[in-house]
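protein24.pdb (PDB, C-alpha atoms, pLDDT in the B column)
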```pdb
ATOM      1  CA  SER H   2      -8.653   0.787 -24.477  1.00 50.00           C
ATOM      2  CA  LYS H   3      -7.865   0.049 -20.850  1.00 50.00           C
ATOM      3  CA  GLU H   4      -4.186   0.871 -21.433  1.00 54.00           C
ATOM      4  CA  LYS H   5      -5.140   4.252 -22.892  1.00 55.00           C
ATOM      5  CA  ASN H   6      -6.327   5.780 -19.616  1.00 54.00           C
ATOM      6  CA  ALA H   7      -3.422   4.843 -17.333  1.00 56.00           C
ATOM      7  CA  ALA H   8      -0.790   5.509 -19.975  1.00 55.00           C
ATOM      8  CA  ALA H   9      -2.338   8.696 -21.425  1.00 57.00           C
ATOM      9  CA  GLY H  10       0.229  10.974 -19.812  1.00 54.00           C
ATOM     10  CA  ARG H  11       3.139   8.988 -21.182  1.00 53.00           C
ATOM     11  CA  ASP H  12       2.751  10.680 -24.561  1.00 57.00           C
ATOM     12  CA  SER H  13       4.164  13.935 -23.218  1.00 59.00           C
ATOM     13  CA  LYS H  14       7.868  14.700 -23.475  1.00 59.00           C
ATOM     14  CA  LYS H  15       8.142  14.793 -19.684  1.00 60.00           C
ATOM     15  CA  PRO H  16       7.952  11.219 -18.370  1.00 67.00           C
ATOM     16  CA  ILE H  17       5.473  10.590 -15.593  1.00 76.00           C
ATOM     17  CA  LEU H  18       4.692   7.646 -13.370  1.00 78.00           C
ATOM     18  CA  VAL H  19       1.152   6.423 -12.880  1.00 85.00           C
ATOM     19  CA  GLU H  20       0.032   5.216  -9.457  1.00 87.00           C
ATOM     20  CA  CYS H  21      -3.511   4.047  -8.888  1.00 90.00           C
ATOM     21  CA  LEU H  22      -4.992   3.786  -5.389  1.00 90.00           C
ATOM     22  CA  THR H  23      -7.604   1.092  -5.833  1.00 93.00           C
ATOM     23  CA  PRO H  24     -10.636  -0.215  -4.002  1.00 91.00           C
ATOM     24  CA  ASP H  25     -10.754  -3.950  -3.287  1.00 92.00           C
ATOM     25  CA  PHE H  26     -13.198  -4.609  -6.159  1.00 92.00           C
ATOM     26  CA  ARG H  27     -14.988  -7.032  -3.794  1.00 91.00           C
ATOM     27  CA  GLY H  28     -12.065  -9.347  -4.549  1.00 89.00           C
ATOM     28  CA  GLU H  29     -13.176  -9.796  -8.181  1.00 94.00           C
ATOM     29  CA  ARG H  30     -10.043 -10.884 -10.006  1.00 95.00           C
ATOM     30  CA  ASP H  31     -11.221  -9.756 -13.454  1.00 96.00           C
ATOM     31  CA  LEU H  32     -11.532  -6.186 -12.176  1.00 96.00           C
ATOM     32  CA  ILE H  33      -8.182  -6.314 -10.376  1.00 96.00           C
ATOM     33  CA  ARG H  34      -6.543  -7.646 -13.546  1.00 97.00           C
ATOM     34  CA  ILE H  35      -7.983  -4.823 -15.685  1.00 96.00           C
ATOM     35  CA  VAL H  36      -6.368  -2.212 -13.464  1.00 96.00           C
ATOM     36  CA  ALA H  37      -3.121  -4.149 -12.968  1.00 96.00           C
ATOM     37  CA  GLU H  38      -2.732  -4.549 -16.742  1.00 95.00           C
ATOM     38  CA  SER H  39      -3.739  -0.975 -17.575  1.00 94.00           C
ATOM     39  CA  GLY H  40      -0.178   0.296 -17.982  1.00 92.00           C
ATOM     40  CA  LEU H  41       0.197   1.878 -14.570  1.00 91.00           C
ATOM     41  CA  ASP H  42       3.478   1.767 -12.665  1.00 90.00           C
ATOM     42  CA  VAL H  43       2.244   1.394  -9.086  1.00 91.00           C
ATOM     43  CA  PHE H  44      -0.818  -0.552  -7.901  1.00 95.00           C
ATOM     44  CA  ALA H  45      -1.742   0.771  -4.458  1.00 94.00           C
ATOM     45  CA  HIS H  46      -4.344  -0.725  -2.154  1.00 94.00           C
ATOM     46  CA  ASN H  47      -4.283   0.175   1.529  1.00 94.00           C
ATOM     47  CA  VAL H  48      -4.520  -2.433   4.275  1.00 96.00           C
ATOM     48  CA  GLU H  49      -5.136   0.513   6.685  1.00 94.00           C
ATOM     49  CA  THR H  50      -4.652  -1.397   9.967  1.00 95.00           C
ATOM     50  CA  VAL H  51      -3.797  -4.739  11.554  1.00 96.00           C
ATOM     51  CA  GLU H  52      -6.065  -7.747  11.085  1.00 96.00           C
ATOM     52  CA  ARG H  53      -7.618  -7.643  14.575  1.00 96.00           C
ATOM     53  CA  LEU H  54      -8.709  -4.014  14.204  1.00 94.00           C
ATOM     54  CA  THR H  55      -9.928  -4.237  10.602  1.00 94.00           C
ATOM     55  CA  PRO H  56     -13.617  -4.901  11.387  1.00 91.00           C
ATOM     56  CA  GLY H  57     -13.878  -1.787  13.562  1.00 88.00           C
ATOM     57  CA  VAL H  58     -11.795   0.460  11.327  1.00 89.00           C
ATOM     58  CA  ARG H  59     -12.768  -0.393   7.775  1.00 87.00           C
ATOM     59  CA  ASP H  60     -16.032  -0.809   5.947  1.00 82.00           C
ATOM     60  CA  ARG H  61     -17.499  -4.211   6.815  1.00 81.00           C
ATOM     61  CA  ARG H  62     -17.146  -5.283   3.177  1.00 81.00           C
ATOM     62  CA  ALA H  63     -13.364  -4.660   3.245  1.00 83.00           C
ATOM     63  CA  GLY H  64     -11.721  -7.612   4.933  1.00 92.00           C
ATOM     64  CA  TYR H  65      -8.048  -7.874   5.826  1.00 95.00           C
ATOM     65  CA  ARG H  66      -7.577 -11.176   3.975  1.00 96.00           C
ATOM     66  CA  GLN H  67      -9.397  -9.826   0.941  1.00 95.00           C
ATOM     67  CA  THR H  68      -7.004  -6.863   0.890  1.00 96.00           C
ATOM     68  CA  MET H  69      -4.021  -9.202   0.974  1.00 97.00           C
ATOM     69  CA  GLY H  70      -5.604 -11.197  -1.836  1.00 96.00           C
ATOM     70  CA  VAL H  71      -6.064  -8.083  -3.966  1.00 97.00           C
ATOM     71  CA  LEU H  72      -2.417  -7.090  -3.536  1.00 97.00           C
ATOM     72  CA  GLN H  73      -1.192 -10.627  -4.195  1.00 97.00           C
ATOM     73  CA  PHE H  74      -3.311 -11.082  -7.307  1.00 97.00           C
ATOM     74  CA  ALA H  75      -2.209  -7.729  -8.780  1.00 97.00           C
ATOM     75  CA  LYS H  76       1.418  -8.832  -8.347  1.00 97.00           C
ATOM     76  CA  GLU H  77       0.692 -12.281  -9.823  1.00 97.00           C
ATOM     77  CA  ALA H  78      -1.101 -10.720 -12.809  1.00 96.00           C
ATOM     78  CA  VAL H  79       1.811  -8.367 -13.529  1.00 96.00           C
ATOM     79  CA  PRO H  80       4.946  -9.466 -11.666  1.00 96.00           C
ATOM     80  CA  SER H  81       6.900  -6.346 -12.689  1.00 93.00           C
ATOM     81  CA  LEU H  82       4.189  -4.056 -11.275  1.00 94.00           C
ATOM     82  CA  VAL H  83       5.150  -2.230  -8.083  1.00 93.00           C
ATOM     83  CA  THR H  84       2.566  -2.937  -5.378  1.00 95.00           C
ATOM     84  CA  LYS H  85       2.089  -0.561  -2.470  1.00 94.00           C
ATOM     85  CA  THR H  86       0.071  -0.424   0.744  1.00 95.00           C
ATOM     86  CA  SER H  87      -0.290   1.846   3.758  1.00 95.00           C
ATOM     87  CA  VAL H  88      -0.938   1.310   7.449  1.00 96.00           C
ATOM     88  CA  MET H  89      -2.314   3.857   9.916  1.00 95.00           C
ATOM     89  CA  LEU H  90      -0.899   3.569  13.425  1.00 97.00           C
ATOM     90  CA  GLY H  91      -2.368   4.754  16.712  1.00 97.00           C
ATOM     91  CA  LEU H  92      -5.618   2.790  16.630  1.00 96.00           C
ATOM     92  CA  GLY H  93      -4.653   0.395  19.433  1.00 96.00           C
ATOM     93  CA  GLU H  94      -2.487  -2.060  17.520  1.00 97.00           C
ATOM     94  CA  ALA H  95       0.292  -3.981  19.252  1.00 97.00           C
ATOM     95  CA  GLU H  96       3.837  -4.041  17.866  1.00 97.00           C
ATOM     96  CA  GLU H  97       3.584  -7.777  17.152  1.00 98.00           C
ATOM     97  CA  GLU H  98       0.448  -7.124  15.087  1.00 98.00           C
ATOM     98  CA  VAL H  99       2.190  -4.441  13.034  1.00 98.00           C
ATOM     99  CA  VAL H 100       5.115  -6.789  12.384  1.00 98.00           C
ATOM    100  CA  GLN H 101       2.690  -9.566  11.372  1.00 98.00           C
ATOM    101  CA  THR H 102       0.950  -7.165   8.993  1.00 98.00           C
ATOM    102  CA  MET H 103       4.334  -6.464   7.397  1.00 98.00           C
ATOM    103  CA  ARG H 104       4.944 -10.218   7.044  1.00 98.00           C
ATOM    104  CA  ASP H 105       1.514 -10.692   5.475  1.00 98.00           C
ATOM    105  CA  CYS H 106       2.241  -7.861   3.034  1.00 98.00           C
ATOM    106  CA  ARG H 107       5.593  -9.357   2.027  1.00 98.00           C
ATOM    107  CA  ASP H 108       3.938 -12.774   1.621  1.00 98.00           C
ATOM    108  CA  ALA H 109       1.470 -11.066  -0.745  1.00 98.00           C
ATOM    109  CA  GLY H 110       4.379  -9.620  -2.758  1.00 97.00           C
ATOM    110  CA  VAL H 111       3.973  -6.011  -1.643  1.00 97.00           C
ATOM    111  CA  ASP H 112       6.998  -3.895  -2.636  1.00 96.00           C
ATOM    112  CA  VAL H 113       6.296  -0.572  -0.907  1.00 94.00           C
ATOM    113  CA  ILE H 114       4.783   0.098   2.511  1.00 95.00           C
ATOM    114  CA  THR H 115       4.065   3.338   4.335  1.00 94.00           C
ATOM    115  CA  PHE H 116       3.240   3.945   7.992  1.00 96.00           C
ATOM    116  CA  GLY H 117       1.552   7.089   9.251  1.00 94.00           C
ATOM    117  CA  GLN H 118      -0.142   8.348  12.396  1.00 95.00           C
ATOM    118  CA  TYR H 119      -3.908   7.992  12.437  1.00 93.00           C
ATOM    119  CA  LEU H 120      -5.474  11.402  13.034  1.00 93.00           C
ATOM    120  CA  ARG H 121      -9.163  11.643  13.880  1.00 89.00           C
ATOM    121  CA  PRO H 122     -10.761  13.774  11.142  1.00 89.00           C
ATOM    122  CA  THR H 123     -14.021  14.470  13.033  1.00 92.00           C
ATOM    123  CA  LYS H 124     -15.656  13.574  16.350  1.00 91.00           C
ATOM    124  CA  GLY H 125     -17.729  11.073  14.393  1.00 89.00           C
ATOM    125  CA  HIS H 126     -14.621   9.022  13.589  1.00 90.00           C
ATOM    126  CA  LEU H 127     -12.609   6.643  15.749  1.00 91.00           C
ATOM    127  CA  ALA H 128     -10.587   8.263  18.513  1.00 93.00           C
ATOM    128  CA  VAL H 129      -6.803   8.147  18.467  1.00 92.00           C
ATOM    129  CA  LYS H 130      -5.707   5.516  20.991  1.00 96.00           C
ATOM    130  CA  GLU H 131      -2.006   6.399  20.918  1.00 96.00           C
ATOM    131  CA  TYR H 132       0.356   8.892  19.348  1.00 96.00           C
ATOM    132  CA  ILE H 133       3.271   6.881  17.989  1.00 97.00           C
ATOM    133  CA  THR H 134       6.742   8.251  18.721  1.00 97.00           C
ATOM    134  CA  PRO H 135       9.200   9.066  15.942  1.00 96.00           C
ATOM    135  CA  GLU H 136      11.476   6.392  17.432  1.00 97.00           C
ATOM    136  CA  LYS H 137       8.758   3.733  17.044  1.00 97.00           C
ATOM    137  CA  PHE H 138       8.138   4.826  13.448  1.00 96.00           C
ATOM    138  CA  ALA H 139      11.898   4.417  12.859  1.00 96.00           C
ATOM    139  CA  GLU H 140      11.764   0.906  14.360  1.00 97.00           C
ATOM    140  CA  TYR H 141       8.913  -0.083  12.047  1.00 97.00           C
ATOM    141  CA  GLU H 142      10.844   1.306   9.098  1.00 95.00           C
ATOM    142  CA  ALA H 143      13.896  -0.770  10.078  1.00 97.00           C
ATOM    143  CA  TYR H 144      11.765  -3.936  10.450  1.00 97.00           C
ATOM    144  CA  ALA H 145      10.195  -3.352   7.043  1.00 97.00           C
ATOM    145  CA  ARG H 146      13.575  -2.817   5.346  1.00 96.00           C
ATOM    146  CA  GLU H 147      14.911  -6.003   6.954  1.00 97.00           C
ATOM    147  CA  MET H 148      11.902  -7.867   5.548  1.00 97.00           C
ATOM    148  CA  GLY H 149      12.819  -6.787   2.038  1.00 96.00           C
ATOM    149  CA  PHE H 150      10.397  -4.016   1.136  1.00 96.00           C
ATOM    150  CA  LYS H 151      11.867  -2.039  -1.772  1.00 93.00           C
ATOM    151  CA  TYR H 152      10.769   1.251  -0.239  1.00 90.00           C
ATOM    152  CA  VAL H 153       9.435   2.255   3.192  1.00 92.00           C
ATOM    153  CA  ALA H 154       8.092   5.616   4.365  1.00 90.00           C
ATOM    154  CA  SER H 155       7.381   5.751   8.088  1.00 92.00           C
ATOM    155  CA  GLY H 156       6.565   8.791  10.184  1.00 90.00           C
ATOM    156  CA  PRO H 157       3.794  10.705  11.917  1.00 90.00           C
ATOM    157  CA  LEU H 158       2.914  12.795   8.854  1.00 85.00           C
ATOM    158  CA  VAL H 159       3.279  10.072   6.223  1.00 85.00           C
ATOM    159  CA  ARG H 160       0.129   9.334   4.239  1.00 76.00           C
ATOM    160  CA  SER H 161      -0.649   6.742   1.580  1.00 66.00           C
ATOM    161  CA  SER H 162       0.020   9.385  -1.052  1.00 63.00           C
ATOM    162  CA  TYR H 163       3.330  10.305   0.532  1.00 56.00           C
ATOM    163  CA  LYS H 164       5.519  12.049  -2.054  1.00 54.00           C
ATOM    164  CA  ALA H 165       8.990  11.471  -0.644  1.00 43.00           C
ATOM    165  CA  GLY H 166       9.230   8.126  -2.375  1.00 53.00           C
ATOM    166  CA  GLU H 167       8.530   9.467  -5.842  1.00 57.00           C
ATOM    167  CA  LEU H 168      12.160   9.925  -6.789  1.00 48.00           C
ATOM    168  CA  PHE H 169      13.051   6.488  -5.463  1.00 54.00           C
ATOM    169  CA  LEU H 170      10.147   4.823  -7.242  1.00 58.00           C
ATOM    170  CA  HIS H 171      10.926   6.727 -10.438  1.00 58.00           C
ATOM    171  CA  ASN H 172      14.547   5.591 -10.390  1.00 53.00           C
ATOM    172  CA  MET H 173      13.650   2.035  -9.364  1.00 60.00           C
ATOM    173  CA  LEU H 174      11.068   1.653 -12.107  1.00 60.00           C
ATOM    174  CA  ARG H 175      13.261   3.195 -14.784  1.00 56.00           C
ATOM    175  CA  SER H 176      16.411   1.292 -13.793  1.00 61.00           C
ATOM    176  CA  GLU H 177      14.521  -1.983 -13.853  1.00 60.00           C
ATOM    177  CA  GLY H 178      13.007  -1.079 -17.236  1.00 58.00           C
ATOM    178  CA  ASN H 179       9.689  -1.398 -15.489  1.00 55.00           C
ATOM    179  CA  ALA H 180       7.030  -0.363 -17.841  1.00 52.00           C
ATOM    180  CA  ALA H 181       4.987  -3.031 -16.060  1.00 54.00           C
ATOM    181  CA  THR H 182       4.446  -6.033 -18.295  1.00 52.00           C
ATOM    182  CA  PRO H 183       1.405  -8.289 -17.862  1.00 55.00           C
ATOM    183  CA  VAL H 184       1.807 -12.057 -17.643  1.00 54.00           C
ATOM    184  CA  SER H 185       0.515 -13.704 -20.845  1.00 49.00           C
TER
END
```
As structure tokens, please, write out the structure in this file.
Amino acid sequence: SKEKNAAAGRDSKKPILVECLTPDFRGERDLIRIVAESGLDVFAHNVETVERLTPGVRDRRAGYRQTMGVLQFAKEAVPSLVTKTSVMLGLGEAEEEVVQTMRDCRDAGVDVITFGQYLRPTKGHLAVKEYITPEKFAEYEAYAREMGFKYVASGPLVRSSYKAGELFLHNMLRSEGNAATPVS
């Protein structure tokens, strides 16, 4: 069954959390629902960058609005599910655009957001436009907390799989009794 895969590790005596980093499924709600209802704890789908830069940064099939729709629908399908996204900084985004991206994420019901420095993996990839200061990362973290995100990780070395939030997420999910429950 679909629940079997995501929840397979729950049978062990040591409790684990299941986070799934998903594609956008071309926006197909049936596919999003299958994953959201699979028994996982965290549904992650990365927005990657601000709306203006999306066409040049992401695959042409991965639109900014579609990403927001995926995150929103996962949350609507399973309201207790923790939703998470990540943003790379240093691609030429303006502060106002980053703040708007945070607003869009909150409007979509996103619970957790991470910010990290974009690092060019090869010469064939986009060049870094700016190295973001630790102070600016701290400002973005403060903005995100003020907006109501349940957890924020923000720093030059933070990645979408950032592990520092595991303890927080574990405690948050367990204290809320959050074995994510689908909407009937």
Picked residues, the PyMOL selection byres ((chain H and resi 49) around 9), as an MDAnalysis selection string: chainID H and resid 46:48 50:51 55 58:59 65 86:90
Take the residues from that selection and put them in a file with C-alpha atoms, as a short mmCIF file (atom, residue, chain, number, x, y, z; two decimals), in the coordinates of the input.
```cif
data_model
loop_
_atom_site.label_atom_id
_atom_site.label_comp_id
_atom_site.auth_asym_id
_atom_site.auth_seq_id
_atom_site.Cartn_x
_atom_site.Cartn_y
_atom_site.Cartn_z
CA HIS H 46 -4.34 -0.72 -2.15
CA ASN H 47 -4.28 0.18 1.53
CA VAL H 48 -4.52 -2.43 4.28
CA THR H 50 -4.65 -1.40 9.97
CA VAL H 51 -3.80 -4.74 11.55
CA THR H 55 -9.93 -4.24 10.60
CA VAL H 58 -11.80 0.46 11.33
CA ARG H 59 -12.77 -0.39 7.78
CA TYR H 65 -8.05 -7.87 5.83
CA THR H 86 0.07 -0.42 0.74
CA SER H 87 -0.29 1.85 3.76
CA VAL H 88 -0.94 1.31 7.45
CA MET H 89 -2.31 3.86 9.92
CA LEU H 90 -0.90 3.57 13.42
#
```
Could you list, as an mmCIF file with C-alpha atoms, in the frame of the given file, every residue within 8 Å of Thr102 (chain H), counting all atoms listed in the file and ignoring same-chain residues fewer than 4 positions away?
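Result written to out.cif:
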```
data_model
loop_
_atom_site.group_PDB
_atom_site.id
_atom_site.type_symbol
_atom_site.label_atom_id
_atom_site.label_comp_id
_atom_site.auth_asym_id
_atom_site.auth_seq_id
_atom_site.Cartn_x
_atom_site.Cartn_y
_atom_site.Cartn_z
ATOM 1 C CA VAL H 51 -3.797 -4.739 11.554
ATOM 2 C CA GLU H 52 -6.065 -7.747 11.085
ATOM 3 C CA GLU H 98 0.448 -7.124 15.087
ATOM 4 C CA CYS H 106 2.241 -7.861 3.034
#
```
Taking the file as I've supplied it (selection: the PyMOL selection byres ((chain H and resi 29) around 12)), which residues are included? Please answer as a PDB file with C-alpha atoms, in the frame of the given file.
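Just written: out13.pdb:
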```
ATOM      1  CA  PRO H  24     -10.636  -0.215  -4.002  1.00 91.00           C
ATOM      2  CA  ASP H  25     -10.754  -3.950  -3.287  1.00 92.00           C
ATOM      3  CA  PHE H  26     -13.198  -4.609  -6.159  1.00 92.00           C
ATOM      4  CA  ARG H  27     -14.988  -7.032  -3.794  1.00 91.00           C
ATOM      5  CA  GLY H  28     -12.065  -9.347  -4.549  1.00 89.00           C
ATOM      6  CA  ARG H  30     -10.043 -10.884 -10.006  1.00 95.00           C
ATOM      7  CA  ASP H  31     -11.221  -9.756 -13.454  1.00 96.00           C
ATOM      8  CA  LEU H  32     -11.532  -6.186 -12.176  1.00 96.00           C
ATOM      9  CA  ILE H  33      -8.182  -6.314 -10.376  1.00 96.00           C
ATOM     10  CA  ARG H  34      -6.543  -7.646 -13.546  1.00 97.00           C
ATOM     11  CA  ILE H  35      -7.983  -4.823 -15.685  1.00 96.00           C
ATOM     12  CA  VAL H  36      -6.368  -2.212 -13.464  1.00 96.00           C
ATOM     13  CA  GLN H  67      -9.397  -9.826   0.941  1.00 95.00           C
ATOM     14  CA  THR H  68      -7.004  -6.863   0.890  1.00 96.00           C
ATOM     15  CA  GLY H  70      -5.604 -11.197  -1.836  1.00 96.00           C
ATOM     16  CA  VAL H  71      -6.064  -8.083  -3.966  1.00 97.00           C
ATOM     17  CA  PHE H  74      -3.311 -11.082  -7.307  1.00 97.00           C
ATOM     18  CA  ALA H  75      -2.209  -7.729  -8.780  1.00 97.00           C
TER      19      ALA H  75
END
```
Counting all atoms listed in the file, the option among H:Gly93, H:Gly40, H:Gly64, H:Pro80 closest to Leu127 (chain H):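 Smallest separation from Leu127 (chain H) among the options: H:Gly93.
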Residues in the PyMOL selection byres ((chain H and resi 130) around 9), expressed as a VMD selection string: chain H and resid 91 to 94 127 to 129 131 to 132
Residues near Lys85 (chain H), cut-off 9 Å, all atoms listed in the file, skip fewer than 4 positions along chain, as a ChimeraX atom specification: /H:22,43-47,72,111-115,161
Spatial sel., origin (8.4, 7.1, 14.3), limit 6 Å, only C-alpha atoms, listed as a list in words: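 Applying the cut-off with only C-alpha atoms, one gets Thr134, Pro135, Glu136, Lys137, Phe138, Ala139 and Gly156 of chain H.
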